[in-house]
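What follows is one structure encoded as structure tokens, with my remarks underneath.
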Amino acid sequence: MPETFPILIGEVTVDFTMPTRTADAKVRLGGVVHAARGLWASGQVYSVGAFCPAYLVEQARSYLIQHGCKEFVLLGVVTGSPNVIAIADAKEVGHQGYEDILRDERQIIPSCDHIDLDRFDPIVIFPGRYDLDGVIKQIRPGARVTIDAAYDMENIDYFLSLKGMIDSLVISTSSSLFSKLASRDVSPLLDLARSVGAKQLLLKENRGGSRLFDLGSGDIEYITATLNVTANSVGVGDVFTAVFGTLEGDSRDAAWRGMQAATVYSQTTWPDDLRRDIEREFQMSVEVVRGLGGSTLPWHSRPNLQIYLAAPDFSYANYGEISTAVAALEYHNFRVRRPVKENGEANRDAPIESLSTYYFSDIQLLRECAAVFAIPINRDPGTLVEIGLAIEMGKPVVTFDPRNENRNTMVVRGSSSYSPDLDVCLNGTFDALSKIERGSRG
């Protein structure tokens with residue numbers, strides 16, 4: 001049999017991360033290029049089958065060849081759209097606000113040249129607006145195929161038409177197919193993967209780690225997430241999929257290596273630093289990596305670990321920081337209990353003797369929750385008391401102090417996580433609840 005090489009198939013885009021008050025705008029090649037960077041940094045030889053706008057072809061080809069690509073195969077040309085993705089939140093604190101510029105005008109014209117995909121194995125496919133069925137038909141029978149169903153795979157009937165052609169299905173909790181099929185119960189997703197003949201399903205669960213399902217034996221491998229300051233989350237999942245889908249050997253080991261590469265990718269946007277750090281990570285054996293610990297908090301477990309919101313969440317005080325934090329927690333599938341909204345809001349001039357009902361109702365709600373997410377804006381006394389009560393109850397407290405008003409010993413040291421940065425506080429929430437959930441699993 002002739003020598004074969006891995007190939008990554010997908011669209012080339014331009015990622016434009018919009019500027020914020022604390023960060024400049026950033027422009028870089030995206031789409032399948034993210035996955036390619038990950039393989040290059042992991043020391044793998046690979047090829048790319050690209051669907052690309054004409055104005056980007058030579059730039060993409062040159063860039064990829066400089067970053068380890070053995071062969072750049074132009075599978076089709078994108079017209080009607082620049083394939084520019086505007087990104088509002090590069091850290092994925094909440095919904096990232098992707099805007100695919102002129103997406104409804106996009107058309108893809110397949111290459112007129114004869115393209116031989118028989119020489120590539122394994123194959124990792126990132127679906128897009130192109131003819132996926134046409135690509136699949138060109139693949140050599142028996143090739144190991146991994147499909148990342150993060151985007152453009154909402155049609156379940158079409159998915160079923162790929163029966164017998166997929167070895168591994170990879171999906172993220174942020175994908176529309178996951179939301180449509182498995183946001184409450186993973187079973188329908190597992191059934192779909194089995195029905196198309198996949199051997200395994202890799203479910204990427206963001207900061208909560210990942211689960212690798214062996215669809216034959218029913219075994220589940222829990223892959224931890226290593227939480228640190230996020231520089232840029234865009235393309236992180238693509239790197240995970242690329243490494244997982246191309247490494248030879250045990251699929252569980254490949255998933256752990258994918259996690260390592262993806263973690264480093266989230267922490268830098270500089271390719272040379274990426275390669276240096278992944279090389280350093282890969283010097284550890286997989287067994288050592290397994291033993292390092294980290295966050296494991298499955299999507300479907302999160303609503304059971306309810307979070308008490310300690311904050312001046314009053315109707316007369318419209319604090320944007322509170323609504324932003326609640327939206328971020330709910331985006332990650334946490335159930336946030338808001339005592340002011342659930343138990344009512346006392347009138348500011350209400351007599352003291354009328355406050356008992358609110359107090360005891362809030363205390364009961366606090367006892368029912370697994371953790372507290374505190375936002376003590378304006379040093380709100382009620383919030384500070386709730387922090388103290390939670391600490392006394394032995395509950396983890398994550399304190400988000402967006403205005404840097406509460407940097408005192410009792411708040412900082414009493415909290416399991418304290419920061420004016422919502423990204424850090426989200427990591428603290430995952431870490432605290434992961435420990436509780438892991439304890440319940442034994």
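To be explicit about the labels: the chains of the structure tokens are called A, B, and onward in the order shown, and within each one the residues are counted from 1, while ligands get numbers from 1 in the order they are shown.
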What lies within 10 Å of region 19-24 of chain A using only C-alpha atoms, ignoring chain neighbours under 6 positions off, as a PyMOL selection string?
-> chain A and resi 87-89
Would you list the contacts of Glu221 (chain A) as a list in words, taking every protein, DNA or RNA residue within 9 Å and counting only C-alpha atoms, but skipping same-chain residues closer than 5 positions in sequence?
-> Ser210, Arg211, Leu212, Phe213, Asp214 and Arg252 of chain A
Within 12 Å of Leu132 (chain A), counting only C-alpha atoms, which residues show up once you throw out same-chain ones fewer than 6 positions away? Write them as a list of chain:residue names, please.
-> A:Ile9, A:Gly10, A:Glu11, A:Phe51, A:Leu75, A:Gly76, A:Ile108, A:Pro110, A:Ile125, A:Phe126, A:Gln138, A:Ile139, A:Ile147, A:Ala149, A:Asp152, A:Met153, A:Tyr158, A:Phe159, A:Ser161, A:Leu162, A:Met165
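Each of A:Ala198, A:Leu74, A:Ile7, A:Val32 was checked against Asp238 (chain A) using only C-alpha atoms; the smallest atom-to-atom distance is that of A:Val32.
From CA of Val84 (chain A) back to CA of Thr13 (chain A), the distance works out to 5.7 Å.
Distances here use only C-alpha atoms; by that measure, the residue among A:Asp401, A:Glu345, A:Asp167, A:Glu392 closest to Asp380 (chain A) is A:Asp401.
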Surrounding residues of region 366-369 of chain A excluding itself and chain neighbours under 5 positions, 7 Å, only C-alpha atoms, as JSON, numbers by chain = {"A": [305, 306, 307, 308]}
Residues of region 251-340 of chain A that approach region 417-432 of chain A to 8 Å or less, counting only C-alpha atoms: could you list each one with the shortest pair of atoms and its distance in Å to one decimal, rows by chain and increasing residue number, as a Markdown table?
| residue | atom | partner | partner_atom | distance |
| --- | --- | --- | --- | --- |
| A:Gly294 | CA | A:Asp431 | CA | 7.6 |
| A:Ser295 | CA | A:Asp431 | CA | 5.5 |
| A:Leu297 | CA | A:Phe430 | CA | 6.9 |
| A:Ala325 | CA | A:Leu422 | CA | 7.1 |
| A:Leu329 | CA | A:Leu426 | CA | 7.5 |
Surrounding residues of region 333-341 of chain A excluding itself and chain neighbours under 3 positions, 10 Å, only C-alpha atoms, as a PyMOL selection string | chain A and resi 173+183-184+298-315+326-330+344-346+358-359+361-366+368-369+371-373+429-430
Between A:Ala143, A:Leu201, A:Ala41, A:Leu355, which is the closest to Ile278 (chain A) once you count only C-alpha atoms?
-> A:Ala41
Could you find all residues in region 89-179 of chain A that DSSP calls strand (DSSP E or B) from the backbone, and write them as a ChimeraX atom specification?
-> /A:99-100,107-110,120-125,145-148,168-172
Show which residues sit within 6 Å of Val78 (chain A), as a VMD selection string. Count only C-alpha atoms, and ignore same-chain residues fewer than 5 positions away.
-> chain A and resid 52 to 53 107 to 108
Selection file, C-alpha atoms, as a tab-separated table (two decimals), in the first residue's frame:
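Result file is part.tsv:
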chain	number	residue	atom	x	y	z
A	52	CYS	CA	-11.21	29.10	0.08
A	53	PRO	CA	-12.07	32.51	-1.44
A	107	GLN	CA	-21.61	29.90	-2.80
A	108	ILE	CA	-18.90	27.31	-3.25
For region 58-70 of chain A, work out the shell of residues within 6 Å, counting only C-alpha atoms and skipping chain neighbours fewer than 5 positions away, then give it as a list in words.
-> Trp40, Tyr46 and Ser47 of chain A
Which distance in Å separates CA of Ala242 (chain A) and CA of Val124 (chain A), to one decimal?
-> 6.5 Å
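CA of Val48 (chain A) is found 25.7 Å from CA of Leu160 (chain A).
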Nearest to Val45 (chain A) among A:Asp116, A:Asp104, A:Asp121, A:Glu437, with distances taken over only C-alpha atoms: which residue is it?
-> A:Asp121
